[in-house]
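Peer 1: See model_28.cif below, with mmCIF, C-alpha atoms and all ligand atoms.
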data_data
#
loop_
_atom_site.label_atom_id
_atom_site.label_comp_id
_atom_site.auth_asym_id
_atom_site.auth_seq_id
_atom_site.Cartn_x
_atom_site.Cartn_y
_atom_site.Cartn_z
CA MET X 1491 -16.53 3.78 -22.84
CA ARG X 1492 -13.22 2.53 -21.44
CA ASP X 1493 -12.47 1.40 -25.00
CA ALA X 1494 -12.27 4.99 -26.31
CA GLY X 1495 -8.61 4.35 -27.02
CA LEU X 1496 -9.46 1.66 -29.54
CA ARG X 1497 -11.04 4.29 -31.79
CA LEU X 1498 -8.45 7.02 -31.22
CA PRO X 1499 -4.66 6.89 -31.58
CA ARG X 1500 -2.73 5.73 -28.51
CA ASN X 1501 -2.24 8.52 -25.96
CA ASP X 1502 -4.58 10.87 -27.87
CA PRO X 1503 -5.73 13.46 -25.27
CA ARG X 1504 -9.28 13.26 -26.66
CA GLN X 1505 -9.54 9.92 -24.85
CA TYR X 1506 -9.79 11.86 -21.58
CA ASP X 1507 -12.83 13.72 -22.89
CA GLU X 1508 -14.52 10.47 -23.91
CA LEU X 1509 -13.68 9.01 -20.50
CA ALA X 1510 -14.71 12.12 -18.55
CA GLY X 1511 -17.46 10.29 -16.69
CA GLU X 1512 -15.00 7.70 -15.40
CA TRP X 1513 -12.63 9.90 -13.36
CA TRP X 1514 -14.44 9.81 -10.04
CA GLN X 1515 -15.83 6.27 -10.35
CA PRO X 1516 -13.79 4.33 -7.77
CA ASP X 1517 -14.22 1.13 -9.80
CA GLY X 1518 -14.16 2.83 -13.20
CA ALA X 1519 -11.59 2.98 -15.98
CA PHE X 1520 -9.35 5.22 -13.87
CA ALA X 1521 -9.55 3.08 -10.72
CA MET X 1522 -5.82 2.59 -10.55
CA LEU X 1523 -5.24 6.35 -10.63
CA HIS X 1524 -7.18 6.55 -7.34
CA TRP X 1525 -4.86 3.98 -5.76
CA LEU X 1526 -1.79 5.80 -7.07
CA ALA X 1527 -3.04 9.21 -5.91
CA GLN X 1528 -3.30 7.92 -2.36
CA ALA X 1529 0.26 6.56 -2.52
CA ARG X 1530 1.60 9.80 -4.04
CA ALA X 1531 -0.09 11.96 -1.41
CA ALA X 1532 1.54 9.83 1.29
CA LEU X 1533 4.90 11.22 0.06
CA VAL X 1534 3.77 14.81 0.72
CA PRO X 1535 4.32 16.08 4.27
CA PRO X 1536 2.05 18.69 5.86
CA ALA X 1537 2.82 22.24 4.71
CA VAL X 1538 5.35 24.10 6.86
CA ARG X 1539 4.11 27.61 6.11
CA PRO X 1540 0.73 29.30 5.63
CA GLY X 1541 -0.31 29.57 2.00
CA ALA X 1542 2.07 26.84 0.82
CA LEU X 1543 1.51 25.98 -2.84
CA LEU X 1544 1.29 22.52 -4.40
CA VAL X 1545 1.35 22.51 -8.20
CA ASP X 1546 -0.16 19.34 -9.63
CA LEU X 1547 1.08 18.90 -13.21
CA GLY X 1548 -1.31 16.84 -15.34
CA CYS X 1549 -3.80 16.94 -12.47
CA GLY X 1550 -6.63 15.37 -14.47
CA ALA X 1551 -9.86 15.55 -12.48
CA GLY X 1552 -8.03 16.29 -9.22
CA LEU X 1553 -7.91 12.76 -7.76
CA LEU X 1554 -5.05 13.87 -5.51
CA ALA X 1555 -7.22 16.46 -3.78
CA PRO X 1556 -8.99 14.33 -1.14
CA HIS X 1557 -5.70 12.78 -0.08
CA LEU X 1558 -4.16 16.22 0.55
CA ALA X 1559 -7.04 17.36 2.76
CA GLY X 1560 -5.77 18.83 6.02
CA LYS X 1561 -2.15 19.10 4.83
CA GLY X 1562 -2.44 22.85 4.36
CA TYR X 1563 -1.66 23.38 0.68
CA ARG X 1564 -3.27 25.53 -1.96
CA HIS X 1565 -3.73 22.99 -4.73
CA VAL X 1566 -3.19 24.35 -8.24
CA GLY X 1567 -3.65 21.90 -11.12
CA VAL X 1568 -2.32 22.22 -14.66
CA ASP X 1569 -3.81 20.07 -17.40
CA LEU X 1570 -4.48 20.05 -21.14
CA THR X 1571 -7.97 18.55 -20.74
CA ARG X 1572 -10.71 21.04 -19.92
CA SER X 1573 -13.34 18.37 -19.14
CA ALA X 1574 -11.03 16.94 -16.46
CA LEU X 1575 -10.15 20.36 -15.05
CA ALA X 1576 -13.84 21.20 -14.59
CA GLN X 1577 -14.09 18.20 -12.26
CA ALA X 1578 -10.87 19.14 -10.48
CA VAL X 1579 -12.32 22.58 -9.72
CA ALA X 1580 -15.36 20.89 -8.17
CA HIS X 1581 -12.90 19.17 -5.79
CA GLY X 1582 -11.22 22.39 -4.68
CA VAL X 1583 -8.39 22.59 -7.20
CA THR X 1584 -7.48 25.92 -8.80
CA ALA X 1585 -7.25 25.04 -12.48
CA ILE X 1586 -4.85 26.17 -15.18
CA ASN X 1587 -5.59 24.88 -18.66
CA GLY X 1588 -2.17 24.44 -20.21
CA ASP X 1589 0.80 22.31 -21.09
CA ALA X 1590 2.99 20.89 -18.32
CA ALA X 1591 5.93 21.65 -20.60
CA ALA X 1592 5.20 25.40 -20.52
CA VAL X 1593 3.50 26.36 -17.26
CA PRO X 1594 2.40 29.99 -16.82
CA LEU X 1595 3.64 30.25 -13.20
CA THR X 1596 6.74 31.99 -11.84
CA ASP X 1597 10.06 30.34 -10.98
CA GLY X 1598 10.27 28.97 -7.44
CA CYS X 1599 6.58 29.52 -6.65
CA ALA X 1600 5.86 25.96 -5.47
CA ASP X 1601 6.53 24.21 -2.17
CA VAL X 1602 5.58 20.92 -3.80
CA VAL X 1603 5.25 19.86 -7.44
CA ALA X 1604 3.38 16.64 -8.16
CA ALA X 1605 3.47 14.86 -11.52
CA GLY X 1606 1.36 11.74 -11.16
CA GLU X 1607 1.09 9.47 -14.19
CA LEU X 1608 1.95 12.40 -16.41
CA LEU X 1609 5.45 12.03 -17.84
CA GLU X 1610 4.60 8.87 -19.80
CA HIS X 1611 1.95 10.89 -21.66
CA VAL X 1612 4.06 13.91 -22.62
CA PRO X 1613 5.86 13.86 -25.98
CA ASP X 1614 8.80 15.80 -24.47
CA TRP X 1615 9.03 14.54 -20.88
CA ARG X 1616 12.33 16.38 -20.38
CA ALA X 1617 10.58 19.71 -20.95
CA ALA X 1618 7.95 18.81 -18.33
CA VAL X 1619 10.68 17.82 -15.85
CA ALA X 1620 12.49 21.12 -16.48
CA GLU X 1621 9.24 22.96 -15.73
CA ALA X 1622 8.58 20.93 -12.59
CA CYS X 1623 12.06 21.76 -11.27
CA ARG X 1624 11.82 25.43 -12.31
CA LEU X 1625 8.57 25.83 -10.37
CA LEU X 1626 10.04 24.45 -7.13
CA ARG X 1627 11.44 26.79 -4.51
CA PRO X 1628 14.82 25.81 -3.04
CA GLY X 1629 14.05 23.04 -0.57
CA GLY X 1630 10.79 22.29 -2.36
CA LEU X 1631 9.63 18.73 -2.99
CA LEU X 1632 9.00 16.91 -6.27
CA VAL X 1633 6.79 13.80 -6.15
CA LEU X 1634 5.93 11.75 -9.20
CA ASP X 1635 5.06 8.35 -10.53
CA THR X 1636 5.42 7.04 -14.04
CA LEU X 1637 6.08 3.98 -16.20
CA ASN X 1638 9.56 2.78 -17.02
CA ASP X 1639 10.87 2.39 -20.54
CA THR X 1640 11.45 -1.36 -20.41
CA ALA X 1641 10.16 -4.41 -22.26
CA LEU X 1642 8.60 -5.64 -19.00
CA SER X 1643 6.74 -2.36 -18.58
CA ARG X 1644 5.38 -2.54 -22.12
CA LEU X 1645 4.19 -6.09 -21.41
CA VAL X 1646 2.67 -5.41 -17.98
CA ALA X 1647 1.37 -1.84 -18.35
CA VAL X 1648 0.10 -2.10 -21.91
CA ARG X 1649 -0.52 -5.67 -22.98
CA ILE X 1650 -1.76 -6.93 -19.60
CA ALA X 1651 -3.01 -3.91 -17.60
CA GLU X 1652 -4.98 -2.42 -20.50
CA ARG X 1653 -7.01 -5.65 -20.57
CA LEU X 1654 -7.97 -5.18 -16.92
CA PRO X 1655 -10.91 -3.02 -15.87
CA ALA X 1656 -8.69 -0.54 -13.94
CA VAL X 1657 -6.82 0.89 -16.96
CA PRO X 1658 -8.35 2.31 -20.18
CA ARG X 1659 -7.35 0.59 -23.43
CA GLY X 1660 -5.07 2.64 -25.66
CA ILE X 1661 -4.35 5.25 -22.99
CA HIS X 1662 -0.59 4.59 -23.16
CA ASP X 1663 1.89 5.00 -25.95
CA PRO X 1664 4.82 2.85 -24.82
CA ARG X 1665 7.19 4.93 -26.96
CA LEU X 1666 6.78 7.70 -24.36
CA PHE X 1667 7.71 5.63 -21.31
CA VAL X 1668 10.47 7.13 -19.14
CA ASP X 1669 13.72 5.41 -18.24
CA ASP X 1670 14.24 5.84 -14.49
CA ARG X 1671 18.01 6.50 -14.73
CA GLU X 1672 17.47 9.15 -17.41
CA LEU X 1673 14.79 10.77 -15.25
CA VAL X 1674 17.08 10.87 -12.21
CA ALA X 1675 19.86 12.39 -14.34
CA GLU X 1676 17.51 14.98 -15.84
CA CYS X 1677 16.25 16.02 -12.41
CA ALA X 1678 19.85 16.33 -11.18
CA ARG X 1679 20.62 18.61 -14.13
CA HIS X 1680 17.85 20.88 -12.84
CA GLY X 1681 18.97 20.80 -9.21
CA VAL X 1682 16.61 18.11 -7.87
CA ASP X 1683 18.04 15.04 -6.18
CA LEU X 1684 15.40 12.46 -7.15
CA ARG X 1685 15.22 9.05 -5.45
CA VAL X 1686 13.10 6.40 -7.12
CA ARG X 1687 11.52 3.16 -5.95
CA GLY X 1688 9.39 0.57 -7.67
CA VAL X 1689 5.72 0.34 -6.74
CA ARG X 1690 2.85 -1.97 -7.66
CA PRO X 1691 -0.65 -2.80 -6.44
CA GLY X 1692 -0.57 -5.20 -3.49
CA VAL X 1693 -1.44 -8.66 -4.81
CA PRO X 1694 -4.11 -9.75 -2.27
CA GLY X 1695 -5.97 -6.44 -2.60
CA LEU X 1696 -5.72 -6.54 -6.39
CA LEU X 1697 -7.04 -10.12 -6.56
CA ARG X 1698 -9.95 -9.28 -4.22
CA TRP X 1699 -10.69 -6.21 -6.39
CA LEU X 1700 -10.63 -8.24 -9.62
CA PHE X 1701 -12.87 -10.88 -8.02
CA ARG X 1702 -15.39 -8.21 -6.99
CA GLN X 1703 -15.24 -6.71 -10.49
CA ALA X 1704 -15.94 -10.12 -12.05
CA ARG X 1705 -19.01 -10.43 -9.81
CA GLY X 1706 -20.10 -6.86 -10.59
CA ALA X 1707 -19.75 -5.91 -6.91
CA ARG X 1708 -18.65 -2.47 -5.75
CA THR X 1709 -15.51 -1.87 -3.71
CA PRO X 1710 -16.46 -1.01 -0.12
CA VAL X 1711 -15.04 2.32 1.08
CA GLY X 1712 -11.47 1.89 2.32
CA ARG X 1713 -11.04 -1.53 0.64
CA ALA X 1714 -9.41 -0.45 -2.63
CA PRO X 1715 -6.06 -2.09 -3.45
CA ARG X 1716 -3.03 -0.43 -1.88
CA ILE X 1717 0.04 0.60 -3.83
CA VAL X 1718 3.07 -0.96 -2.16
CA PRO X 1719 6.84 -0.63 -2.68
CA THR X 1720 8.56 -3.31 -4.72
CA ARG X 1721 12.23 -4.04 -5.35
CA SER X 1722 12.23 -3.41 -9.07
CA THR X 1723 11.60 -0.10 -10.81
CA ALA X 1724 11.20 -1.96 -14.13
CA VAL X 1725 7.47 -1.24 -14.53
CA LEU X 1726 5.91 1.41 -12.31
CA TYR X 1727 7.96 3.68 -10.07
CA GLN X 1728 7.62 6.64 -7.74
CA GLY X 1729 10.12 9.45 -7.43
CA ARG X 1730 10.65 11.86 -4.54
CA GLY X 1731 13.27 14.60 -4.64
CA VAL X 1732 14.19 17.88 -3.03
CA ARG X 1733 15.43 20.90 -4.92
CA GLY X 1734 18.81 22.11 -3.74
CA GLY X 1735 19.31 25.66 -2.53
C1 LIG X 1801 -3.11 9.40 -16.66
S1 LIG X 1801 -3.82 10.96 -16.39
C2 LIG X 1801 -3.24 11.33 -14.74
C3 LIG X 1801 -4.09 12.37 -14.07
C4 LIG X 1801 -3.73 12.67 -12.61
N1 LIG X 1801 -2.37 13.08 -12.43
C5 LIG X 1801 -4.03 11.46 -11.77
O1 LIG X 1801 -3.08 10.76 -11.40
O2 LIG X 1801 -5.20 11.22 -11.49
C6 LIG X 1801 -2.80 12.00 -17.38
C7 LIG X 1801 -3.26 13.44 -17.38
O3 LIG X 1801 -2.23 14.23 -17.99
C8 LIG X 1801 -2.83 15.18 -18.83
N2 LIG X 1801 -1.82 15.57 -19.80
C9 LIG X 1801 -1.27 14.82 -20.79
N3 LIG X 1801 -0.32 15.52 -21.43
C10 LIG X 1801 -0.26 16.74 -20.81
C11 LIG X 1801 0.54 17.89 -20.99
N4 LIG X 1801 1.48 17.96 -21.95
N5 LIG X 1801 0.34 18.93 -20.18
C12 LIG X 1801 -0.62 18.90 -19.20
N6 LIG X 1801 -1.39 17.82 -18.99
C13 LIG X 1801 -1.22 16.76 -19.78
C14 LIG X 1801 -4.05 14.50 -19.40
O4 LIG X 1801 -4.99 15.43 -19.85
C15 LIG X 1801 -4.52 13.71 -18.19
O5 LIG X 1801 -5.41 14.46 -17.42
#
For the file at hand, write its structure as structure tokens.
Ligand SMILES: C[S@@+](CC[C@H](N)C(=O)[O-])C[C@H]1O[C@@H](n2cnc3c(N)ncnc32)[C@H](O)[C@@H]1O

Peer 2:
Amino acid sequence: MRDAGLRLPRNDPRQYDELAGEWWQPDGAFAMLHWLAQARAALVPPAVRPGALLVDLGCGAGLLAPHLAGKGYRHVGVDLTRSALAQAVAHGVTAINGDAAAVPLTDGCADVVAAGELLEHVPDWRAAVAEACRLLRPGGLLVLDTLNDTALSRLVAVRIAERLPAVPRGIHDPRLFVDDRELVAECARHGVDLRVRGVRPGVPGLLRWLFRQARGARTPVGRAPRIVPTRSTAVLYQGRGVRGG
């Protein structure tokens, strides 16, 4: 099933329907999204006011939800894929079926906007960034992670990672990858001072995980690979930025 992308065009959203049963499998085709969700949630501080709103653009099946537990946000997710949203709802997310480039929510409604592994899937990532920034209240926080538009990223994230069991084949179209400097500039144009840093799975944890996968063993709870900072943003990077007043 993780080969759905071999039968469909790269980045075709129908892949997410074919892979619907994989979202919440910790060792399934979306395993790395679980690791990234934990790292993204670590960038989100506890809410500072009752009823604070976190808008999760491209929320998928709501993998961010368990990592936000106890932080005090209402978690609203926006996604194109209904089969994923149905699972997000089951994990406490309020779902909006729609395009991250045209979100039916009011300006400045969000205390936090998250865009995890979304921008590299959107044909017009600039439109999605404009929406993310529009939704943020002054002082609100944008957190995201995405793939850089570099030759190294195309090699690592497509040619290598899509051969590993933690990433579905064909899920990425490298033509959509997002240059980190262009992303920072675009956020600045919309009033958000974005800082980026490279991230990657920690090597010992990743090797242990691959070894367990090769033996057909499950990952014990709490033993999944960690996402750690790395010096280069050339492949995978996180961004964190605050909207100016
Ligand atoms: C790689 S998954 C990431 C899901 C989630 N953010 C996570 O990290 O678990 C990409 C998600 O973006 C959604 N998506 C792709 N293009 C979109 C768009 N233009 N608007 C809203 N969602 C989109 C897909 O349906 C999919 O659920």

Peer 1: Could you list, as a PyMOL selection string, all residues that come within 6 Å of ligand LIG 1801 (chain X)? Count all atoms listed in the file.

Peer 2: chain X and resi 1503+1523+1527+1548-1550+1553+1568-1571+1588-1591+1606-1608+1611-1612

Peer 1: Excluding Thr1584 in chain X and residues on its chain fewer than 5 positions from it, collect all residues at most 10 Å away from it, counting only C-alpha atoms, and give them as a list in words.

Peer 2: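 Once the nearby chain positions are removed, what remains is Val1545, Asp1546, Gly1552, Arg1564, His1565, Val1566, Gly1567, Val1568, Leu1575, Ala1576, Ala1578 and Val1579 of chain X.
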
Peer 1: For Arg1698 in chain X, which of X:Val1648, X:Ala1714, X:Val1633, X:Ala1529 is the closest residue, counting only C-alpha atoms?

Peer 2: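 When distances to Arg1698 in chain X are compared using only C-alpha atoms, the smallest one comes from X:Ala1714.
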
Peer 1: Please report the interatomic distance between CA of Leu1637 in chain X and CA of Ala1704 in chain X in Å with one decimal.

Peer 2: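 Answer for the CA of Leu1637 in chain X to CA of Ala1704 in chain X separation: 26.5 Å.
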
Peer 1: Any idea what's packed within 10 Å of range 1650-1660 of chain X, counting all atoms listed in the file, ignoring anything in its chain fewer than 6 positions away? Could you give it as a ChimeraX atom specification?

Peer 2: /X:1491-1502,1505-1506,1509,1512,1516-1524,1643-1644,1699-1700,1703-1704

Peer 1: Looking at all atoms listed in the file, which of X:Gly1712, X:Gly1692, X:Gly1731, X:Pro1719 is the one that sits closest to Glu1676 in chain X?

Peer 2: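 Ranking X:Gly1712, X:Gly1692, X:Gly1731, X:Pro1719 by distance to Glu1676 in chain X, first place goes to X:Gly1731.
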
Peer 1: Given only C-alpha atoms as the basis, pick out the residue of X:Glu1610, X:Leu1696, X:Val1686, X:Gly1706 nearest to Thr1723 in chain X.

Peer 2: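 Nearest candidate to Thr1723 in chain X out of X:Glu1610, X:Leu1696, X:Val1686, X:Gly1706: X:Val1686.
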
Peer 1: Write out as a VMD selection string the residues lying within 8 Å of Arg1733 in chain X, counting all atoms listed in the file and excluding same-chain residues fewer than 4 positions away.

Peer 2: chain X and resid 1623 1626 to 1632 1681 to 1683

Peer 1: Tell me which of X:Arg1721, X:Arg1504, X:Arg1649, X:His1680 sits closest to Ala1574 in chain X, counting only C-alpha atoms.

Peer 2: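 Checking each of X:Arg1721, X:Arg1504, X:Arg1649, X:His1680 against Ala1574 in chain X, counting only C-alpha atoms, the winner is X:Arg1504.
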
Peer 1: Around (9.7, 15.3, -16.0), as given in the file, which residues come within 7 Å? Count only C-alpha atoms and list them as a compact mmCIF listing (two decimals) with C-alpha atoms, keeping the file's coordinate frame.

Peer 2:
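Written output follows (selection_6.txt):
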# COMPACT_ATOMS: atom_id res chain seq x y z
CA LEU X 1609 5.45 12.03 -17.84
CA TRP X 1615 9.03 14.54 -20.88
CA ARG X 1616 12.33 16.38 -20.38
CA ALA X 1617 10.58 19.71 -20.95
CA ALA X 1618 7.95 18.81 -18.33
CA VAL X 1619 10.68 17.82 -15.85
CA ALA X 1620 12.49 21.12 -16.48
CA ALA X 1622 8.58 20.93 -12.59
CA LEU X 1673 14.79 10.77 -15.25

Peer 1: Using all atoms listed in the file, which of the listed residues (X:Arg1539, X:Gly1562, X:Asp1663, X:Gln1577) sits closest to Gly1511 in chain X?

Peer 2: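 Closest candidate: X:Gln1577.
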
Peer 1: To one decimal in Å, tell me the separation between CA of Ala1724 in chain X and CA of Asp1669 in chain X.

Peer 2: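 CA of Asp1669 in chain X lies at a distance of 8.8 Å from CA of Ala1724 in chain X.
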
Peer 1: Using all atoms listed in the file, which residue out of X:Asp1614, X:Arg1716, X:Asp1635, X:Gly1598 lies closest to Gly1735 in chain X?

Peer 2: X:Gly1598

Peer 1: Rounded to one decimal in Å, what is the spacing between CA of Ala1510 in chain X and CA of Ala1585 in chain X?

Peer 2: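 Computing the Euclidean distance for CA of Ala1510 in chain X and CA of Ala1585 in chain X yields 16.1 Å.
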